[in-house]
$ cat structure-v9.pdb   # PDB, C-alpha atoms, pLDDT in the B column
ATOM      1  CA  MET Z  25      -8.005  12.629  15.058  1.00 76.00           C
ATOM      2  CA  ALA Z  26      -4.472  14.048  15.049  1.00 82.00           C
ATOM      3  CA  ASP Z  27      -3.105  10.629  14.089  1.00 84.00           C
ATOM      4  CA  LYS Z  28      -5.381  10.578  11.013  1.00 87.00           C
ATOM      5  CA  VAL Z  29      -4.058  13.997   9.956  1.00 93.00           C
ATOM      6  CA  VAL Z  30      -0.462  12.786  10.289  1.00 93.00           C
ATOM      7  CA  GLN Z  31      -1.284   9.571   8.407  1.00 92.00           C
ATOM      8  CA  ARG Z  32      -2.914  11.543   5.585  1.00 92.00           C
ATOM      9  CA  ALA Z  33       0.165  13.805   5.337  1.00 94.00           C
ATOM     10  CA  ALA Z  34       2.480  10.771   5.293  1.00 95.00           C
ATOM     11  CA  ALA Z  35       0.334   9.095   2.624  1.00 92.00           C
ATOM     12  CA  ASP Z  36       0.519  12.278   0.514  1.00 93.00           C
ATOM     13  CA  ILE Z  37       4.317  12.323   0.818  1.00 95.00           C
ATOM     14  CA  LEU Z  38       4.621   8.643  -0.115  1.00 95.00           C
ATOM     15  CA  GLU Z  39       2.257   9.173  -3.048  1.00 93.00           C
ATOM     16  CA  VAL Z  40       4.435  11.940  -4.470  1.00 93.00           C
ATOM     17  CA  ILE Z  41       7.526   9.750  -4.149  1.00 95.00           C
ATOM     18  CA  TYR Z  42       6.116   6.497  -5.537  1.00 94.00           C
ATOM     19  CA  GLU Z  43       3.241   7.436  -7.892  1.00 93.00           C
ATOM     20  CA  GLN Z  44       5.660   7.862 -10.797  1.00 92.00           C
ATOM     21  CA  ASP Z  45       6.572   4.155 -10.562  1.00 93.00           C
ATOM     22  CA  PHE Z  46       3.083   2.839 -11.349  1.00 92.00           C
ATOM     23  CA  LEU Z  47       1.975   1.823 -14.819  1.00 91.00           C
ATOM     24  CA  PRO Z  48      -1.083   3.538 -16.315  1.00 86.00           C
ATOM     25  CA  ASN Z  49      -3.047   0.282 -16.082  1.00 85.00           C
ATOM     26  CA  SER Z  50      -2.567  -0.015 -12.309  1.00 89.00           C
ATOM     27  CA  TYR Z  51      -5.713   1.118 -10.492  1.00 86.00           C
ATOM     28  CA  GLY Z  52      -5.499   0.056  -6.848  1.00 80.00           C
ATOM     29  CA  TYR Z  53      -5.257   2.753  -4.161  1.00 79.00           C
ATOM     30  CA  ARG Z  54      -4.163   5.478  -6.570  1.00 86.00           C
ATOM     31  CA  PRO Z  55      -5.366   9.054  -6.942  1.00 86.00           C
ATOM     32  CA  ASN Z  56      -8.098   9.682  -9.499  1.00 88.00           C
ATOM     33  CA  ARG Z  57      -8.463   5.947 -10.164  1.00 90.00           C
ATOM     34  CA  GLY Z  58     -10.860   3.392  -8.869  1.00 87.00           C
ATOM     35  CA  PRO Z  59     -12.615   0.115  -9.533  1.00 87.00           C
ATOM     36  CA  GLN Z  60     -15.177   1.661 -11.888  1.00 91.00           C
ATOM     37  CA  MET Z  61     -12.390   2.995 -14.115  1.00 92.00           C
ATOM     38  CA  ALA Z  62     -10.683  -0.405 -14.074  1.00 90.00           C
ATOM     39  CA  VAL Z  63     -13.904  -2.173 -15.094  1.00 91.00           C
ATOM     40  CA  ARG Z  64     -14.557   0.374 -17.860  1.00 92.00           C
ATOM     41  CA  ASP Z  65     -11.052   0.035 -19.287  1.00 90.00           C
ATOM     42  CA  LEU Z  66     -11.078  -3.745 -18.986  1.00 89.00           C
ATOM     43  CA  THR Z  67     -14.455  -3.965 -20.730  1.00 90.00           C
ATOM     44  CA  ARG Z  68     -13.198  -1.773 -23.576  1.00 90.00           C
ATOM     45  CA  GLU Z  69     -10.010  -3.830 -23.935  1.00 88.00           C
ATOM     46  CA  LEU Z  70     -11.903  -7.140 -23.983  1.00 90.00           C
ATOM     47  CA  GLN Z  71     -14.420  -5.886 -26.549  1.00 91.00           C
ATOM     48  CA  LEU Z  72     -12.106  -3.970 -28.863  1.00 91.00           C
ATOM     49  CA  GLY Z  73      -8.555  -4.933 -27.930  1.00 86.00           C
ATOM     50  CA  ARG Z  74      -6.347  -7.868 -28.688  1.00 87.00           C
ATOM     51  CA  TYR Z  75      -7.080  -9.780 -25.471  1.00 83.00           C
ATOM     52  CA  ASN Z  76      -9.902 -12.292 -25.092  1.00 82.00           C
ATOM     53  CA  TYR Z  77      -9.599 -13.463 -21.505  1.00 82.00           C
ATOM     54  CA  VAL Z  78      -8.885 -12.317 -17.955  1.00 84.00           C
ATOM     55  CA  VAL Z  79      -6.630 -13.983 -15.403  1.00 85.00           C
ATOM     56  CA  GLU Z  80      -7.288 -13.001 -11.813  1.00 81.00           C
ATOM     57  CA  ALA Z  81      -4.782 -13.507  -9.033  1.00 81.00           C
ATOM     58  CA  ASP Z  82      -5.038 -12.657  -5.365  1.00 78.00           C
ATOM     59  CA  ILE Z  83      -2.128 -13.014  -2.992  1.00 81.00           C
ATOM     60  CA  ARG Z  84      -3.874 -14.076   0.198  1.00 83.00           C
ATOM     61  CA  GLY Z  85      -2.375 -12.621   3.334  1.00 86.00           C
ATOM     62  CA  TYR Z  86       0.129 -10.421   1.481  1.00 86.00           C
ATOM     63  CA  PHE Z  87      -0.207  -7.408   3.781  1.00 86.00           C
ATOM     64  CA  ASP Z  88      -0.114  -9.679   6.845  1.00 87.00           C
ATOM     65  CA  ASN Z  89       3.332 -10.970   5.901  1.00 91.00           C
ATOM     66  CA  ILE Z  90       5.311  -7.915   4.811  1.00 92.00           C
ATOM     67  CA  ASP Z  91       8.708  -7.983   6.501  1.00 94.00           C
ATOM     68  CA  HIS Z  92       9.129  -4.739   8.461  1.00 94.00           C
ATOM     69  CA  GLU Z  93      12.902  -4.471   8.087  1.00 95.00           C
ATOM     70  CA  ARG Z  94      12.795  -5.154   4.357  1.00 96.00           C
ATOM     71  CA  LEU Z  95      10.053  -2.539   3.906  1.00 95.00           C
ATOM     72  CA  ILE Z  96      12.055   0.037   5.887  1.00 96.00           C
ATOM     73  CA  LYS Z  97      15.163  -0.660   3.786  1.00 97.00           C
ATOM     74  CA  MET Z  98      13.137  -0.156   0.619  1.00 96.00           C
ATOM     75  CA  LEU Z  99      11.782   3.151   1.936  1.00 97.00           C
ATOM     76  CA  GLU Z 100      15.280   4.308   2.953  1.00 98.00           C
ATOM     77  CA  GLN Z 101      16.448   3.880  -0.657  1.00 97.00           C
ATOM     78  CA  ARG Z 102      14.156   6.761  -1.672  1.00 96.00           C
ATOM     79  CA  ILE Z 103      13.552   8.679   1.565  1.00 97.00           C
ATOM     80  CA  ASP Z 104      16.416  10.452   3.327  1.00 96.00           C
ATOM     81  CA  ASP Z 105      14.464  11.624   6.358  1.00 97.00           C
ATOM     82  CA  GLN Z 106      15.051   9.524   9.473  1.00 97.00           C
ATOM     83  CA  ALA Z 107      12.237  11.201  11.425  1.00 97.00           C
ATOM     84  CA  PHE Z 108       9.778  10.155   8.712  1.00 97.00           C
ATOM     85  CA  ILE Z 109      11.221   6.616   8.666  1.00 97.00           C
ATOM     86  CA  ARG Z 110      10.900   6.431  12.481  1.00 96.00           C
ATOM     87  CA  LEU Z 111       7.252   7.472  12.220  1.00 95.00           C
ATOM     88  CA  ILE Z 112       6.535   4.675   9.745  1.00 95.00           C
ATOM     89  CA  ARG Z 113       8.438   2.227  11.941  1.00 93.00           C
ATOM     90  CA  LYS Z 114       6.240   3.252  14.911  1.00 92.00           C
ATOM     91  CA  TRP Z 115       3.097   2.550  12.902  1.00 91.00           C
ATOM     92  CA  LEU Z 116       4.444  -0.842  11.836  1.00 91.00           C
ATOM     93  CA  ASN Z 117       5.298  -1.746  15.437  1.00 88.00           C
ATOM     94  CA  ALA Z 118       2.094  -0.410  16.996  1.00 86.00           C
ATOM     95  CA  GLY Z 119       0.340  -2.913  19.221  1.00 82.00           C
ATOM     96  CA  ILE Z 120      -2.811  -4.721  18.163  1.00 83.00           C
ATOM     97  CA  PHE Z 121      -5.526  -5.183  20.778  1.00 83.00           C
ATOM     98  CA  GLU Z 122      -6.825  -8.745  20.823  1.00 86.00           C
ATOM     99  CA  ARG Z 123     -10.347  -9.588  21.996  1.00 90.00           C
ATOM    100  CA  ASP Z 124      -8.996 -11.226  25.128  1.00 93.00           C
ATOM    101  CA  GLY Z 125      -7.252  -7.987  26.153  1.00 90.00           C
ATOM    102  CA  ARG Z 126      -3.740  -8.959  25.094  1.00 91.00           C
ATOM    103  CA  ILE Z 127      -1.656  -6.583  22.980  1.00 90.00           C
ATOM    104  CA  LEU Z 128       0.335  -8.147  20.157  1.00 85.00           C
ATOM    105  CA  HIS Z 129       3.388  -6.479  18.656  1.00 85.00           C
ATOM    106  CA  PRO Z 130       3.786  -8.049  15.220  1.00 85.00           C
ATOM    107  CA  ILE Z 131       7.186  -8.378  13.552  1.00 86.00           C
ATOM    108  CA  THR Z 132       5.594  -8.705  10.112  1.00 90.00           C
ATOM    109  CA  GLY Z 133       2.579  -7.239   8.405  1.00 89.00           C
ATOM    110  CA  THR Z 134       1.179  -3.766   8.004  1.00 86.00           C
ATOM    111  CA  PRO Z 135      -1.626  -2.092   9.949  1.00 81.00           C
ATOM    112  CA  GLN Z 136      -4.981  -2.532   8.262  1.00 76.00           C
ATOM    113  CA  GLY Z 137      -7.536   0.218   7.878  1.00 73.00           C
ATOM    114  CA  GLY Z 138      -5.202   3.177   8.249  1.00 74.00           C
ATOM    115  CA  LEU Z 139      -4.760   5.950   5.730  1.00 76.00           C
ATOM    116  CA  CYS Z 140      -1.092   5.287   5.186  1.00 77.00           C
TER     117      CYS Z 140
END
$ encode --input "structure-v9.pdb" --output "structure tokens"
Amino acid sequence: MADKVVQRAAADILEVIYEQDFLPNSYGYRPNRGPQMAVRDLTRELQLGRYNYVVEADIRGYFDNIDHERLIKMLEQRIDDQAFIRLIRKWLNAGIFERDGRILHPITGTPQGGLC
């Protein structure tokens, strides 16, 4: 439970830092936005706007292949708090329990299902 509270606080901090970088037409994992809003806006644009088609792209395995060191360097460009960076590094390096009882320590990828 305490870990979820810390993750939520970290997510709130990261949101304040990075939210300003997103375009208004970006909907994924953002405050006060969701899939219903994206569908509504897309429908309106296709019916009344200048676009007549949709191109969908999905980068399979993207979050499984994020380079930890590159991500940390990107965060350090905007965050000057080494304790916060260490916390994120710990989450990235946390072990993953496999079904056979082994614990994997990935060198790439981000934890799935967490708040942050």
$ residues_around --input "structure-v9.pdb" --residues "stretch 39-46 of chain Z" --least-positions-apart "3" --cutoff "10 Å" --atoms "all atoms listed in the file" --output "list in words"
Ala33, Ala34, Ala35, Asp36, Asn49, Ser50, Tyr51, Tyr53, Arg54, Pro55, Leu99, Arg102, Ile103 and Cys140 of chain Z
$ write_last_selection --input "structure-v9.pdb" --atoms "C-alpha atoms" --output "compact mmCIF listing (two decimals), in the coordinates of the input"
# COMPACT_ATOMS: atom_id res chain seq x y z
CA ALA Z 33 0.16 13.80 5.34
CA ALA Z 34 2.48 10.77 5.29
CA ALA Z 35 0.33 9.10 2.62
CA ASP Z 36 0.52 12.28 0.51
CA ASN Z 49 -3.05 0.28 -16.08
CA SER Z 50 -2.57 -0.02 -12.31
CA TYR Z 51 -5.71 1.12 -10.49
CA TYR Z 53 -5.26 2.75 -4.16
CA ARG Z 54 -4.16 5.48 -6.57
CA PRO Z 55 -5.37 9.05 -6.94
CA LEU Z 99 11.78 3.15 1.94
CA ARG Z 102 14.16 6.76 -1.67
CA ILE Z 103 13.55 8.68 1.56
CA CYS Z 140 -1.09 5.29 5.19
$ resolve_selection --input "structure-v9.pdb" --expression "the PyMOL selection byres ((chain Z and resi 91) around 8)" --output "JSON, numbers by chain"
{"Z": [89, 90, 92, 93, 94, 95, 131, 132, 133]}
$ closest_residue --input "structure-v9.pdb" --among "Z:Thr67, Z:Gly52, Z:Met61, Z:Phe87" --to "Z:Gly137" --atoms "all atoms listed in the file"
Z:Phe87
$ residues_near_point --input "structure-v9.pdb" --point "(-2.4, -2.4, 9.2)" --cutoff "10 Å" --atoms "all atoms listed in the file" --output "PDB file with C-alpha atoms, keeping the file's coordinate frame"
ATOM      1  CA  PHE Z  87      -0.207  -7.408   3.781  1.00 86.00           C
ATOM      2  CA  ASP Z  88      -0.114  -9.679   6.845  1.00 87.00           C
ATOM      3  CA  TRP Z 115       3.097   2.550  12.902  1.00 91.00           C
ATOM      4  CA  LEU Z 116       4.444  -0.842  11.836  1.00 91.00           C
ATOM      5  CA  ASN Z 117       5.298  -1.746  15.437  1.00 88.00           C
ATOM      6  CA  ALA Z 118       2.094  -0.410  16.996  1.00 86.00           C
ATOM      7  CA  ILE Z 120      -2.811  -4.721  18.163  1.00 83.00           C
ATOM      8  CA  GLY Z 133       2.579  -7.239   8.405  1.00 89.00           C
ATOM      9  CA  THR Z 134       1.179  -3.766   8.004  1.00 86.00           C
ATOM     10  CA  PRO Z 135      -1.626  -2.092   9.949  1.00 81.00           C
ATOM     11  CA  GLN Z 136      -4.981  -2.532   8.262  1.00 76.00           C
ATOM     12  CA  GLY Z 137      -7.536   0.218   7.878  1.00 73.00           C
ATOM     13  CA  GLY Z 138      -5.202   3.177   8.249  1.00 74.00           C
ATOM     14  CA  LEU Z 139      -4.760   5.950   5.730  1.00 76.00           C
ATOM     15  CA  CYS Z 140      -1.092   5.287   5.186  1.00 77.00           C
TER      16      CYS Z 140
END
$ atom_distance --input "structure-v9.pdb" --atom1 "atom CA of Z:Tyr75" --atom2 "atom CA of Z:Pro48"
17.2 Å
$ closest_residue --input "structure-v9.pdb" --among "Z:Gly125, Z:Gln31, Z:Tyr77, Z:Gly58" --to "Z:Ile112" --atoms "all atoms listed in the file"
Z:Gln31
$ atom_distance --input "structure-v9.pdb" --atom1 "atom CA of Z:Leu38" --atom2 "atom CA of Z:Gly119"
22.9 Å
$ atom_distance --input "structure-v9.pdb" --atom1 "atom CA of Z:Leu128" --atom2 "atom CA of Z:Gln101"
28.9 Å
$ build_atoms --input "structure-v9.pdb" --residues "stretch 87-98 of chain Z" --atoms "all heavy atoms" --output "PDB file, in the coordinates of the input"
ATOM      1  N   PHE Z  87      -0.487  -8.510   2.864  1.00 86.00           N
ATOM      2  CA  PHE Z  87      -0.207  -7.408   3.781  1.00 86.00           C
ATOM      3  C   PHE Z  87       0.045  -7.886   5.206  1.00 86.00           C
ATOM      4  O   PHE Z  87       0.613  -7.164   6.010  1.00 86.00           O
ATOM      5  CB  PHE Z  87      -1.330  -6.371   3.740  1.00 86.00           C
ATOM      6  CG  PHE Z  87      -1.365  -5.610   2.442  1.00 86.00           C
ATOM      7  CD1 PHE Z  87      -2.303  -5.918   1.473  1.00 86.00           C
ATOM      8  CD2 PHE Z  87      -0.446  -4.619   2.178  1.00 86.00           C
ATOM      9  CE1 PHE Z  87      -2.331  -5.231   0.274  1.00 86.00           C
ATOM     10  CE2 PHE Z  87      -0.455  -3.927   0.985  1.00 86.00           C
ATOM     11  CZ  PHE Z  87      -1.407  -4.233   0.022  1.00 86.00           C
ATOM     12  N   ASP Z  88      -0.371  -9.112   5.517  1.00 87.00           N
ATOM     13  CA  ASP Z  88      -0.114  -9.679   6.845  1.00 87.00           C
ATOM     14  C   ASP Z  88       1.314 -10.195   6.983  1.00 87.00           C
ATOM     15  O   ASP Z  88       1.750 -10.506   8.090  1.00 87.00           O
ATOM     16  CB  ASP Z  88      -1.061 -10.848   7.126  1.00 87.00           C
ATOM     17  CG  ASP Z  88      -2.512 -10.407   7.192  1.00 87.00           C
ATOM     18  OD1 ASP Z  88      -2.763  -9.244   7.554  1.00 87.00           O
ATOM     19  OD2 ASP Z  88      -3.389 -11.233   6.869  1.00 87.00           O
ATOM     20  N   ASN Z  89       2.024 -10.321   5.878  1.00 91.00           N
ATOM     21  CA  ASN Z  89       3.332 -10.970   5.901  1.00 91.00           C
ATOM     22  C   ASN Z  89       4.478 -10.091   5.418  1.00 91.00           C
ATOM     23  O   ASN Z  89       5.587 -10.589   5.204  1.00 91.00           O
ATOM     24  CB  ASN Z  89       3.273 -12.253   5.064  1.00 91.00           C
ATOM     25  CG  ASN Z  89       2.363 -13.269   5.705  1.00 91.00           C
ATOM     26  OD1 ASN Z  89       2.654 -13.772   6.775  1.00 91.00           O
ATOM     27  ND2 ASN Z  89       1.229 -13.540   5.078  1.00 91.00           N
ATOM     28  N   ILE Z  90       4.242  -8.818   5.240  1.00 92.00           N
ATOM     29  CA  ILE Z  90       5.311  -7.915   4.811  1.00 92.00           C
ATOM     30  C   ILE Z  90       6.362  -7.822   5.915  1.00 92.00           C
ATOM     31  O   ILE Z  90       6.038  -7.542   7.073  1.00 92.00           O
ATOM     32  CB  ILE Z  90       4.763  -6.519   4.463  1.00 92.00           C
ATOM     33  CG1 ILE Z  90       3.889  -6.613   3.211  1.00 92.00           C
ATOM     34  CG2 ILE Z  90       5.880  -5.506   4.289  1.00 92.00           C
ATOM     35  CD1 ILE Z  90       3.197  -5.328   2.833  1.00 92.00           C
ATOM     36  N   ASP Z  91       7.599  -8.051   5.557  1.00 94.00           N
ATOM     37  CA  ASP Z  91       8.708  -7.983   6.501  1.00 94.00           C
ATOM     38  C   ASP Z  91       9.016  -6.518   6.811  1.00 94.00           C
ATOM     39  O   ASP Z  91       9.329  -5.741   5.900  1.00 94.00           O
ATOM     40  CB  ASP Z  91       9.928  -8.683   5.904  1.00 94.00           C
ATOM     41  CG  ASP Z  91      11.103  -8.684   6.846  1.00 94.00           C
ATOM     42  OD1 ASP Z  91      11.868  -7.694   6.831  1.00 94.00           O
ATOM     43  OD2 ASP Z  91      11.256  -9.666   7.584  1.00 94.00           O
ATOM     44  N   HIS Z  92       8.933  -6.136   8.072  1.00 94.00           N
ATOM     45  CA  HIS Z  92       9.129  -4.739   8.461  1.00 94.00           C
ATOM     46  C   HIS Z  92      10.509  -4.218   8.064  1.00 94.00           C
ATOM     47  O   HIS Z  92      10.623  -3.112   7.508  1.00 94.00           O
ATOM     48  CB  HIS Z  92       8.949  -4.567   9.972  1.00 94.00           C
ATOM     49  CG  HIS Z  92       7.540  -4.757  10.425  1.00 94.00           C
ATOM     50  ND1 HIS Z  92       7.195  -4.682  11.753  1.00 94.00           N
ATOM     51  CD2 HIS Z  92       6.395  -5.007   9.755  1.00 94.00           C
ATOM     52  CE1 HIS Z  92       5.896  -4.876  11.884  1.00 94.00           C
ATOM     53  NE2 HIS Z  92       5.390  -5.089  10.682  1.00 94.00           N
ATOM     54  N   GLU Z  93      11.545  -4.961   8.362  1.00 95.00           N
ATOM     55  CA  GLU Z  93      12.902  -4.471   8.087  1.00 95.00           C
ATOM     56  C   GLU Z  93      13.143  -4.318   6.579  1.00 95.00           C
ATOM     57  O   GLU Z  93      13.787  -3.371   6.146  1.00 95.00           O
ATOM     58  CB  GLU Z  93      13.944  -5.385   8.717  1.00 95.00           C
ATOM     59  CG  GLU Z  93      13.985  -5.279  10.232  1.00 95.00           C
ATOM     60  CD  GLU Z  93      14.079  -3.834  10.736  1.00 95.00           C
ATOM     61  OE1 GLU Z  93      14.945  -3.073  10.244  1.00 95.00           O
ATOM     62  OE2 GLU Z  93      13.285  -3.467  11.617  1.00 95.00           O
ATOM     63  N   ARG Z  94      12.632  -5.247   5.820  1.00 96.00           N
ATOM     64  CA  ARG Z  94      12.795  -5.154   4.357  1.00 96.00           C
ATOM     65  C   ARG Z  94      12.038  -3.935   3.813  1.00 96.00           C
ATOM     66  O   ARG Z  94      12.542  -3.225   2.954  1.00 96.00           O
ATOM     67  CB  ARG Z  94      12.296  -6.435   3.705  1.00 96.00           C
ATOM     68  CG  ARG Z  94      12.631  -6.518   2.261  1.00 96.00           C
ATOM     69  CD  ARG Z  94      12.359  -7.899   1.742  1.00 96.00           C
ATOM     70  NE  ARG Z  94      12.798  -7.984   0.370  1.00 96.00           N
ATOM     71  CZ  ARG Z  94      12.479  -8.936  -0.445  1.00 96.00           C
ATOM     72  NH1 ARG Z  94      11.726  -9.926  -0.029  1.00 96.00           N
ATOM     73  NH2 ARG Z  94      12.907  -8.934  -1.675  1.00 96.00           N
ATOM     74  N   LEU Z  95      10.830  -3.703   4.328  1.00 95.00           N
ATOM     75  CA  LEU Z  95      10.053  -2.539   3.906  1.00 95.00           C
ATOM     76  C   LEU Z  95      10.789  -1.249   4.256  1.00 95.00           C
ATOM     77  O   LEU Z  95      10.896  -0.335   3.431  1.00 95.00           O
ATOM     78  CB  LEU Z  95       8.674  -2.564   4.556  1.00 95.00           C
ATOM     79  CG  LEU Z  95       7.775  -1.359   4.284  1.00 95.00           C
ATOM     80  CD1 LEU Z  95       7.505  -1.191   2.796  1.00 95.00           C
ATOM     81  CD2 LEU Z  95       6.468  -1.489   5.058  1.00 95.00           C
ATOM     82  N   ILE Z  96      11.324  -1.163   5.472  1.00 96.00           N
ATOM     83  CA  ILE Z  96      12.055   0.037   5.887  1.00 96.00           C
ATOM     84  C   ILE Z  96      13.275   0.260   4.987  1.00 96.00           C
ATOM     85  O   ILE Z  96      13.550   1.385   4.564  1.00 96.00           O
ATOM     86  CB  ILE Z  96      12.463  -0.052   7.376  1.00 96.00           C
ATOM     87  CG1 ILE Z  96      11.221  -0.007   8.280  1.00 96.00           C
ATOM     88  CG2 ILE Z  96      13.452   1.043   7.754  1.00 96.00           C
ATOM     89  CD1 ILE Z  96      10.427   1.287   8.233  1.00 96.00           C
ATOM     90  N   LYS Z  97      13.997  -0.803   4.677  1.00 97.00           N
ATOM     91  CA  LYS Z  97      15.163  -0.660   3.786  1.00 97.00           C
ATOM     92  C   LYS Z  97      14.756  -0.162   2.406  1.00 97.00           C
ATOM     93  O   LYS Z  97      15.460   0.663   1.809  1.00 97.00           O
ATOM     94  CB  LYS Z  97      15.918  -1.985   3.679  1.00 97.00           C
ATOM     95  CG  LYS Z  97      16.721  -2.298   4.919  1.00 97.00           C
ATOM     96  CD  LYS Z  97      17.449  -3.613   4.812  1.00 97.00           C
ATOM     97  CE  LYS Z  97      18.177  -3.874   6.125  1.00 97.00           C
ATOM     98  NZ  LYS Z  97      18.718  -5.192   6.236  1.00 97.00           N
ATOM     99  N   MET Z  98      13.630  -0.635   1.910  1.00 96.00           N
ATOM    100  CA  MET Z  98      13.137  -0.156   0.619  1.00 96.00           C
ATOM    101  C   MET Z  98      12.786   1.329   0.691  1.00 96.00           C
ATOM    102  O   MET Z  98      13.103   2.100  -0.213  1.00 96.00           O
ATOM    103  CB  MET Z  98      11.925  -0.970   0.177  1.00 96.00           C
ATOM    104  CG  MET Z  98      12.268  -2.383  -0.222  1.00 96.00           C
ATOM    105  SD  MET Z  98      10.807  -3.409  -0.527  1.00 96.00           S
ATOM    106  CE  MET Z  98       9.965  -2.487  -1.778  1.00 96.00           C
TER     107      MET Z  98
END
